[in-house]
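What follows is structure-v2.txt (compact mmCIF, C-alpha atoms).
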# COMPACT_ATOMS: atom_id res chain seq x y z
CA MET A 1 -26.36 13.53 33.25
CA SER A 2 -24.19 10.49 33.80
CA GLU A 3 -21.46 9.69 31.31
CA SER A 4 -23.35 6.69 29.96
CA GLN A 5 -25.90 9.02 28.39
CA LYS A 6 -23.49 10.69 26.00
CA THR A 7 -24.62 10.22 22.41
CA ILE A 8 -22.71 10.31 19.13
CA GLU A 9 -23.95 10.52 15.55
CA ILE A 10 -22.97 7.59 13.33
CA GLU A 11 -23.49 8.12 9.60
CA VAL A 12 -23.77 4.80 7.80
CA LEU A 13 -23.64 4.22 4.05
CA ARG A 14 -26.70 2.02 3.41
CA TYR A 15 -27.37 -0.10 0.35
CA HIS A 16 -30.16 -2.60 -0.08
CA PRO A 17 -29.77 -4.44 -3.43
CA GLU A 18 -33.51 -5.11 -3.73
CA LYS A 19 -34.70 -1.58 -2.88
CA ASP A 20 -31.90 0.91 -3.64
CA LYS A 21 -30.51 2.01 -6.99
CA GLU A 22 -27.40 3.30 -5.28
CA PRO A 23 -26.03 3.65 -1.73
CA HIS A 24 -27.29 6.47 0.49
CA LYS A 25 -26.40 7.90 3.89
CA GLN A 26 -28.37 7.36 7.07
CA VAL A 27 -27.55 9.00 10.40
CA PHE A 28 -28.17 7.31 13.76
CA GLU A 29 -27.95 8.84 17.21
CA VAL A 30 -26.13 6.29 19.37
CA PRO A 31 -25.61 6.43 23.16
CA PHE A 32 -22.03 5.53 24.00
CA THR A 33 -19.48 5.10 26.73
CA ASP A 34 -15.77 5.79 26.40
CA ASP A 35 -14.88 2.12 26.08
CA MET A 36 -17.14 1.52 23.04
CA SER A 37 -15.66 0.62 19.68
CA VAL A 38 -17.19 1.68 16.37
CA LEU A 39 -18.23 -1.97 15.96
CA GLN A 40 -20.18 -1.77 19.22
CA GLY A 41 -21.79 1.42 17.94
CA VAL A 42 -22.90 -0.35 14.78
CA GLN A 43 -24.10 -3.32 16.83
CA TYR A 44 -26.18 -0.92 18.95
CA ILE A 45 -27.85 0.36 15.77
CA LYS A 46 -28.70 -3.20 14.70
CA ASP A 47 -29.96 -4.24 18.15
CA TYR A 48 -32.01 -1.16 19.03
CA LEU A 49 -32.49 1.20 16.07
CA ASP A 50 -32.60 -0.69 12.76
CA GLY A 51 -32.35 -4.47 12.64
CA SER A 52 -31.92 -4.47 8.87
CA LEU A 53 -28.38 -3.07 9.05
CA SER A 54 -25.90 -5.64 7.67
CA PHE A 55 -22.23 -5.94 8.58
CA ARG A 56 -19.65 -8.62 9.26
CA TRP A 57 -17.96 -9.19 12.59
CA SER A 58 -16.80 -12.01 14.81
CA CYS A 59 -13.97 -11.85 17.34
CA ARG A 60 -14.07 -8.20 18.55
CA MET A 61 -10.30 -8.30 19.17
CA ALA A 62 -8.52 -7.64 15.87
CA ILE A 63 -7.81 -11.28 15.10
CA CYS A 64 -10.56 -12.52 12.78
CA GLY A 65 -10.30 -9.75 10.19
CA SER A 66 -14.07 -9.61 9.56
CA CYS A 67 -15.05 -6.11 10.67
CA GLY A 68 -13.05 -3.92 8.27
CA MET A 69 -14.87 -0.71 7.29
CA MET A 70 -14.05 2.76 6.01
CA ILE A 71 -14.22 4.89 9.17
CA ASN A 72 -14.07 8.59 8.31
CA GLY A 73 -12.59 7.55 4.97
CA GLU A 74 -9.80 5.38 6.41
CA PRO A 75 -9.74 1.59 6.12
CA SER A 76 -9.95 0.39 9.74
CA LEU A 77 -10.97 -2.58 11.85
CA SER A 78 -14.11 -1.27 13.54
CA CYS A 79 -13.39 -3.38 16.64
CA GLN A 80 -10.17 -1.50 17.43
CA THR A 81 -11.38 1.98 16.46
CA PHE A 82 -13.04 3.83 19.31
CA LEU A 83 -16.02 6.19 19.22
CA ARG A 84 -14.42 8.43 21.89
CA ASP A 85 -11.72 9.43 19.39
CA PHE A 86 -14.36 11.12 17.20
CA TYR A 87 -16.72 12.53 19.83
CA PRO A 88 -18.36 15.08 19.67
CA ALA A 89 -18.04 15.00 15.87
CA ARG A 90 -20.02 12.61 13.69
CA VAL A 91 -18.44 9.29 12.65
CA ARG A 92 -18.77 8.27 9.00
CA VAL A 93 -18.92 4.51 8.37
CA GLU A 94 -18.86 2.94 4.89
CA ALA A 95 -18.22 -0.44 3.33
CA LEU A 96 -14.56 -1.13 2.46
CA SER A 97 -13.51 0.86 -0.61
CA HIS A 98 -12.70 -0.78 -3.95
CA PHE A 99 -14.96 -3.80 -3.33
CA PRO A 100 -18.48 -4.17 -4.71
CA ILE A 101 -21.06 -3.52 -1.97
CA GLU A 102 -23.22 -6.58 -1.40
CA ARG A 103 -25.45 -4.86 1.16
CA ASP A 104 -24.80 -1.99 3.62
CA LEU A 105 -21.33 -2.62 5.10
CA VAL A 106 -20.91 -6.08 3.59
CA VAL A 107 -18.63 -6.28 0.55
CA ASN A 108 -18.18 -8.98 -2.07
CA ILE A 109 -14.82 -10.65 -1.42
CA GLU A 110 -15.09 -13.48 -3.96
CA GLY A 111 -12.31 -11.97 -6.08
CA PHE A 112 -9.93 -12.03 -3.14
CA ILE A 113 -10.80 -15.61 -2.20
CA GLU A 114 -9.97 -16.70 -5.76
CA LYS A 115 -6.63 -14.86 -5.57
CA LEU A 116 -5.91 -16.44 -2.20
CA GLU A 117 -6.51 -19.90 -3.67
CA SER A 118 -4.37 -19.10 -6.70
CA ILE A 119 -1.23 -18.34 -4.68
CA GLN A 120 -1.33 -21.82 -3.08
CA PRO A 121 -1.15 -20.55 0.51
CA TYR A 122 0.38 -23.68 1.99
CA ILE A 123 3.81 -25.27 2.08
CA ILE A 124 4.60 -27.30 -1.00
CA PRO A 125 7.40 -29.45 0.44
CA LYS A 126 10.78 -29.24 -1.24
CA GLU A 127 11.32 -32.88 -0.41
CA PRO A 128 8.58 -35.08 1.02
CA ARG A 129 9.56 -36.57 4.36
CA THR A 130 8.28 -39.73 5.96
CA LEU A 131 7.11 -39.69 9.57
CA ALA A 132 10.22 -41.65 10.50
CA GLN A 133 12.39 -38.81 9.20
CA GLY A 134 10.81 -36.47 11.76
CA GLU A 135 9.75 -32.84 11.51
CA TYR A 136 11.12 -30.09 9.27
CA LEU A 137 13.67 -28.07 11.20
CA GLN A 138 14.11 -24.34 10.84
CA THR A 139 16.61 -21.87 12.32
CA PRO A 140 15.44 -18.58 13.94
CA GLU A 141 16.87 -16.72 10.89
CA GLN A 142 14.81 -18.88 8.54
CA LEU A 143 11.73 -18.14 10.65
CA ASN A 144 12.48 -14.40 10.62
CA ALA A 145 12.50 -14.39 6.82
CA TYR A 146 8.74 -14.98 6.63
CA GLU A 147 7.24 -14.56 10.11
CA GLN A 148 6.02 -10.99 9.62
CA PHE A 149 4.19 -11.92 6.40
CA SER A 150 2.47 -14.84 8.14
CA SER A 151 0.60 -12.41 10.44
CA CYS A 152 -1.93 -11.49 7.74
CA ILE A 153 -5.55 -11.98 8.88
CA ASN A 154 -7.13 -11.37 5.43
CA CYS A 155 -9.02 -8.31 6.71
CA LEU A 156 -8.63 -6.62 3.27
CA LEU A 157 -7.91 -3.16 4.68
CA CYS A 158 -4.85 -3.10 2.38
CA TYR A 159 -7.06 -3.61 -0.68
CA ALA A 160 -9.31 -0.76 0.44
CA ALA A 161 -6.10 1.32 0.73
CA CYS A 162 -4.79 0.40 -2.73
CA PRO A 163 -5.94 2.73 -5.54
CA GLN A 164 -4.29 0.46 -8.12
CA PHE A 165 -6.55 -2.39 -7.00
CA GLY A 166 -9.51 -0.01 -7.18
CA LEU A 167 -8.59 0.92 -10.75
CA ASN A 168 -7.78 -2.65 -11.79
CA PRO A 169 -9.58 -5.25 -9.63
CA SER A 170 -7.71 -8.08 -11.35
CA PHE A 171 -4.46 -6.96 -9.64
CA ILE A 172 -3.52 -9.75 -7.25
CA GLY A 173 -3.02 -7.05 -4.61
CA PRO A 174 -1.21 -6.53 -1.30
CA ALA A 175 -2.44 -9.30 1.04
CA ALA A 176 -2.36 -12.13 -1.51
CA THR A 177 1.17 -11.08 -2.55
CA ALA A 178 2.29 -10.88 1.10
CA LEU A 179 1.04 -14.42 1.67
CA LEU A 180 2.57 -15.59 -1.59
CA HIS A 181 5.87 -14.13 -0.40
CA ARG A 182 5.42 -15.74 3.02
CA TYR A 183 5.51 -19.20 1.43
CA ASN A 184 8.15 -18.37 -1.21
CA VAL A 185 10.71 -17.38 1.42
CA ASP A 186 9.93 -20.29 3.74
CA SER A 187 12.96 -22.61 3.82
CA ARG A 188 10.69 -25.69 3.80
CA ASP A 189 8.82 -24.65 0.67
CA GLY A 190 9.56 -25.67 -2.89
CA GLY A 191 6.67 -23.99 -4.75
CA LYS A 192 8.38 -20.72 -5.68
CA ALA A 193 8.65 -21.41 -9.42
CA GLU A 194 4.87 -21.99 -9.64
CA ARG A 195 4.02 -18.88 -7.60
CA MET A 196 6.45 -16.70 -9.58
CA GLU A 197 4.24 -17.26 -12.63
CA LEU A 198 1.57 -15.21 -10.83
CA VAL A 199 4.05 -12.58 -9.64
CA ASN A 200 5.23 -12.12 -13.24
CA SER A 201 1.75 -12.10 -14.79
CA GLU A 202 -0.37 -9.17 -16.04
CA GLU A 203 -2.19 -9.33 -12.69
CA GLY A 204 1.13 -9.43 -10.83
CA VAL A 205 3.30 -7.07 -8.83
CA PHE A 206 3.97 -4.49 -11.53
CA ASN A 207 0.46 -3.08 -11.04
CA CYS A 208 1.87 -1.57 -7.84
CA THR A 209 3.14 2.03 -8.00
CA ALA A 210 4.47 2.08 -4.41
CA VAL A 211 1.72 4.23 -2.92
CA GLY A 212 2.52 2.51 0.39
CA TYR A 213 -0.85 3.15 2.06
CA CYS A 214 -1.52 -0.61 2.30
CA SER A 215 1.27 -0.97 4.85
CA GLU A 216 0.10 2.13 6.74
CA VAL A 217 -3.38 0.72 7.37
CA CYS A 218 -2.34 -2.90 8.07
CA PRO A 219 -3.46 -3.72 11.65
CA LYS A 220 -0.88 -6.53 11.91
CA GLN A 221 2.29 -4.74 10.69
CA VAL A 222 2.61 -7.21 7.81
CA ASP A 223 4.03 -4.52 5.48
CA PRO A 224 2.45 -5.91 2.29
CA ALA A 225 4.04 -3.09 0.26
CA ASN A 226 7.40 -4.59 1.12
CA ALA A 227 6.34 -8.05 -0.07
CA VAL A 228 5.02 -6.61 -3.35
CA ASN A 229 8.12 -4.52 -3.99
CA GLN A 230 10.58 -7.27 -3.09
CA ASN A 231 8.81 -9.36 -5.69
CA LYS A 232 9.32 -6.71 -8.36
CA THR A 233 13.03 -7.37 -7.86
CA ASN A 234 12.42 -11.14 -7.83
CA SER A 235 10.35 -10.85 -11.00
CA ALA A 236 13.05 -8.84 -12.78
CA ALA A 237 15.66 -11.39 -11.69
CA ASP A 238 13.39 -14.19 -12.92
CA TYR A 239 13.08 -12.44 -16.29
CA PHE A 240 16.80 -11.93 -16.85
CA LEU A 241 17.92 -15.25 -15.33
CA ARG A 242 15.73 -17.22 -17.73
CA PHE A 243 18.27 -16.47 -20.45
CA LEU A 244 20.80 -18.40 -18.37
CA THR A 245 18.57 -21.07 -16.87
CA PRO A 246 15.34 -21.48 -18.87
CA LYS A 247 12.36 -22.24 -16.63
CA GLY A 248 8.74 -21.10 -15.91
CA GLY A 249 6.95 -18.25 -17.60
CA ALA A 250 4.09 -15.89 -16.80
CA LYS A 251 0.39 -16.67 -16.57
CA MET B 1 -34.15 -15.31 -9.17
CA ASN B 2 -30.83 -14.04 -7.87
CA LYS B 3 -31.43 -10.96 -5.75
CA ARG B 4 -27.77 -10.05 -5.51
CA ARG B 5 -26.85 -6.79 -7.18
CA PRO B 6 -23.35 -5.82 -5.96
CA TYR B 7 -22.81 -2.08 -6.28
CA VAL B 8 -19.48 -0.96 -7.72
CA ARG B 9 -18.43 2.52 -6.58
CA SER B 10 -16.78 4.90 -9.03
CA MET B 11 -13.04 5.57 -8.83
CA ASP B 12 -13.45 9.11 -10.25
CA GLY B 13 -11.33 11.57 -8.30
CA TRP B 14 -9.94 8.77 -6.12
CA TRP B 15 -6.78 10.70 -5.30
CA LYS B 16 -8.75 13.55 -3.73
CA LYS B 17 -10.56 11.27 -1.29
CA ASN B 18 -7.70 10.69 1.16
CA PRO B 19 -4.90 13.04 2.33
CA PHE B 20 -2.43 10.15 1.87
CA PHE B 21 -3.33 9.92 -1.83
CA VAL B 22 -3.07 13.71 -2.28
CA GLU B 23 0.45 13.57 -0.87
CA TYR B 24 1.22 10.60 -3.13
CA MET B 25 0.13 12.58 -6.20
CA ILE B 26 2.25 15.56 -5.09
CA HIS B 27 5.39 13.50 -4.59
CA GLU B 28 4.83 11.65 -7.86
CA GLY B 29 4.20 15.02 -9.54
CA THR B 30 7.60 16.32 -8.43
CA ALA B 31 9.12 13.65 -10.70
CA LEU B 32 8.08 15.89 -13.63
CA PHE B 33 10.51 18.52 -12.32
CA VAL B 34 13.25 15.88 -12.15
CA ALA B 35 12.59 15.03 -15.82
CA ALA B 36 12.36 18.70 -16.88
CA TYR B 37 15.61 19.57 -15.13
CA ALA B 38 17.41 16.58 -16.64
CA GLY B 39 16.12 17.79 -20.05
CA ILE B 40 17.59 21.27 -19.47
CA LEU B 41 20.98 19.81 -18.47
CA LEU B 42 21.01 17.46 -21.47
CA PHE B 43 20.22 20.36 -23.76
CA GLY B 44 23.16 22.25 -22.18
CA LEU B 45 25.40 19.29 -22.96
CA LEU B 46 24.17 19.32 -26.57
CA ARG B 47 24.94 23.05 -26.85
CA LEU B 48 28.41 22.43 -25.38
CA ALA B 49 29.08 19.86 -28.11
CA GLN B 50 28.04 22.43 -30.74
CA GLY B 51 30.91 24.76 -29.84
CA GLU B 52 31.77 27.79 -27.74
CA ALA B 53 29.23 30.24 -29.21
CA ALA B 54 26.35 27.81 -28.70
CA TRP B 55 27.51 27.07 -25.14
CA ASN B 56 27.75 30.78 -24.25
CA ALA B 57 24.30 31.41 -25.73
CA TRP B 58 22.91 28.61 -23.50
CA LEU B 59 24.71 30.06 -20.47
CA SER B 60 23.25 33.54 -21.04
CA ALA B 61 19.80 32.05 -21.63
CA MET B 62 20.13 30.39 -18.21
CA LYS B 63 20.48 33.87 -16.65
CA ASN B 64 16.94 34.74 -17.73
CA PRO B 65 14.86 35.43 -14.58
CA TRP B 66 12.23 32.90 -15.75
CA TYR B 67 14.89 30.20 -15.92
CA ILE B 68 16.28 31.18 -12.52
CA GLY B 69 12.77 31.11 -11.08
CA PHE B 70 12.22 27.65 -12.57
CA GLN B 71 15.51 26.42 -11.12
CA VAL B 72 14.50 27.55 -7.63
CA LEU B 73 11.14 25.80 -8.06
CA ALA B 74 12.89 22.68 -9.39
CA LEU B 75 15.28 22.69 -6.42
CA ILE B 76 12.36 22.72 -3.98
CA ALA B 77 10.56 19.98 -5.94
CA LEU B 78 13.70 17.83 -6.22
CA THR B 79 14.45 18.17 -2.50
CA TYR B 80 10.92 17.02 -1.66
CA HIS B 81 11.16 14.23 -4.22
CA THR B 82 14.44 13.04 -2.68
CA TYR B 83 12.92 13.05 0.81
CA THR B 84 9.84 11.04 -0.21
CA TRP B 85 11.94 8.67 -2.35
CA PHE B 86 14.08 7.68 0.62
CA LYS B 87 11.07 7.67 2.93
CA ILE B 88 9.40 4.88 0.90
CA MET B 89 12.72 3.03 0.38
CA PRO B 90 12.43 0.76 3.47
CA ARG B 91 9.15 -0.53 2.01
CA THR B 92 10.62 -1.21 -1.41
CA MET B 93 13.85 -3.04 -0.61
CA PRO B 94 14.65 -6.48 0.82
CA PRO B 95 15.36 -6.52 4.57
CA VAL B 96 18.91 -5.52 5.49
CA VAL B 97 20.27 -7.60 8.35
CA VAL B 98 23.24 -6.14 10.25
CA GLY B 99 24.71 -8.22 13.07
CA GLY B 100 21.64 -10.45 13.25
CA GLN B 101 19.30 -7.43 13.61
CA ARG B 102 17.00 -6.11 10.92
CA LEU B 103 17.90 -2.52 10.05
CA SER B 104 15.11 -0.12 11.08
CA ALA B 105 13.14 1.87 8.51
CA TRP B 106 14.56 5.12 9.83
CA ALA B 107 18.15 3.87 9.58
CA ILE B 108 17.55 3.09 5.87
CA THR B 109 15.82 6.41 5.16
CA GLY B 110 18.45 8.31 7.19
CA SER B 111 21.42 6.73 5.43
CA GLY B 112 19.80 7.29 2.03
CA LEU B 113 19.32 10.99 2.81
CA ALA B 114 22.85 11.26 4.22
CA VAL B 115 24.36 9.71 1.06
CA ALA B 116 22.25 12.03 -1.14
CA ALA B 117 23.36 15.09 0.87
CA ALA B 118 27.02 14.00 0.76
CA ALA B 119 26.82 13.40 -3.01
CA CYS B 120 25.29 16.88 -3.57
CA LEU B 121 27.88 18.61 -1.40
CA GLY B 122 30.72 16.63 -3.00
CA LEU B 123 29.55 17.55 -6.50
CA LEU B 124 29.14 21.19 -5.47
CA ALA B 125 32.69 21.26 -4.01
CA LEU B 126 34.08 19.63 -7.17
CA VAL B 127 32.37 22.12 -9.51
CA TRP B 128 33.31 25.01 -7.22
CA GLY B 129 36.94 23.87 -7.28
CA MET B 130 36.94 23.57 -11.09
CA ALA B 131 35.27 26.97 -11.58
CA ARG B 132 37.88 28.82 -9.51
Would you give me this structure, written as structure tokens?
Amino acid sequence: MSESQKTIEIEVLRYHPEKDKEPHKQVFEVPFTDDMSVLQGVQYIKDYLDGSLSFRWSCRMAICGSCGMMINGEPSLSCQTFLRDFYPARVRVEALSHFPIERDLVVNIEGFIEKLESIQPYIIPKEPRTLAQGEYLQTPEQLNAYEQFSSCINCLLCYAACPQFGLNPSFIGPAATALLHRYNVDSRDGGKAERMELVNSEEGVFNCTAVGYCSEVCPKQVDPANAVNQNKTNSAADYFLRFLTPKGGAK
Amino acid sequence: MNKRRPYVRSMDGWWKKNPFFVEYMIHEGTALFVAAYAGILLFGLLRLAQGEAAWNAWLSAMKNPWYIGFQVLALIALTYHTYTWFKIMPRTMPPVVVGGQRLSAWAITGSGLAVAAAACLGLLALVWGMAR
């Protein structure tokens, strides 16, 4: 037999909102080659075995952040996880943990989108500049302060890795906090006081118990746990400094 | 009619579902030994304040094999707790920049562990010196 005829079992957690009461497992026998990702395996199922299988994907190169799934229980981008690493054992594929399942491998991310909007993920200029004044300048050190946190692709693996988000879905969570931090430490930005209201709120950073798994699974080395924990310090400083310089509160 | 019916999975037994979470629960659990040991030491201090007889009674109680067994267990738990505490430290603190370079995670964990070891040995030497 040639190598192209190797097959692997892929167990998929299926859920059809109109037919199923609850999710159930379905196993597919998928032919694979050593260069095939789990995403390609799932695409093979949709193309040749069961066209009703639903999942999200786009770029196939770990940039769009669409294809996050639980692969053997670990939050992973299915495009950069390879079937050969599991062969000859079965691969278990499920929708991202801690999110409501919309259908099969598609989760409901509305809650995250609202959080993303709430952190105002854009630069709120400290001082508006006219075109004549030219661009905002930044030193390499000022860039270093936030660059790592700007690499987030909103893939939500960190949320699937965060038990505190699972237990309390209103927690603003790792990625949104990392992006919030990205703008707060940008030298051009002046929106920190507004964003700190979210950091300090009931939904804010103190939901985090430093499990640290969010940073382990991040495919872009953003280290969201670091952003969340730095903001615990910022929040405490905010709390005590208000006795000296009264400003903002908590939402 | 809206045909959406998002399914919310249960969080029951969440910490058993991933080896990372099991380890998290273990290292958080060792904090109970830290608290228990601090309680024993504080009680010793209280007995010391109550006079010589009370202090000696506490000292002899400490020689009970059950207490010695607990202390060995607490030592193991505290050592593991210290290791995991410094292991997560690079994730919990602001970046440390030395000479324009960001300090690596291992440098932070390593120096934390080194300081903890030095503090333990220093305290041990001090108590040893006083006891002689």
Problem - Interface, chain A side, toward chain B (7 Å; all atoms listed in the file) as number ranges by chain - result: A: 17-18, 73, 99-102, 166-167, 211, 225-226, 229-230
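The smallest atom-to-atom distance between Ser150 of chain A and any of A:His24, A:Arg92, A:Arg195, A:Lys220, using only C-alpha atoms, is found for A:Lys220.
Omitting segment 77-81 of chain A and its sequence neighbours fewer than 4 positions away, and counting all atoms listed in the file, the residues within 7 Å are Ser37, Val38, Leu39, Arg60, Met61, Ala62, Cys67, Gly68 and Met69 of chain A.
Computed from the coordinates, the atom CA of Asn64 of chain B to atom CA of Ala36 of chain B distance equals 16.7 Å.
In this model, the gap between atom CA of Gln148 of chain A and atom CA of Tyr83 of chain B comes to 26.5 Å.
When only C-alpha atoms are used to compute distances to Ile71 of chain A, the closest of the residues A:Asp238, A:Glu94, A:Glu127, A:Glu202 turns out to be A:Glu94.
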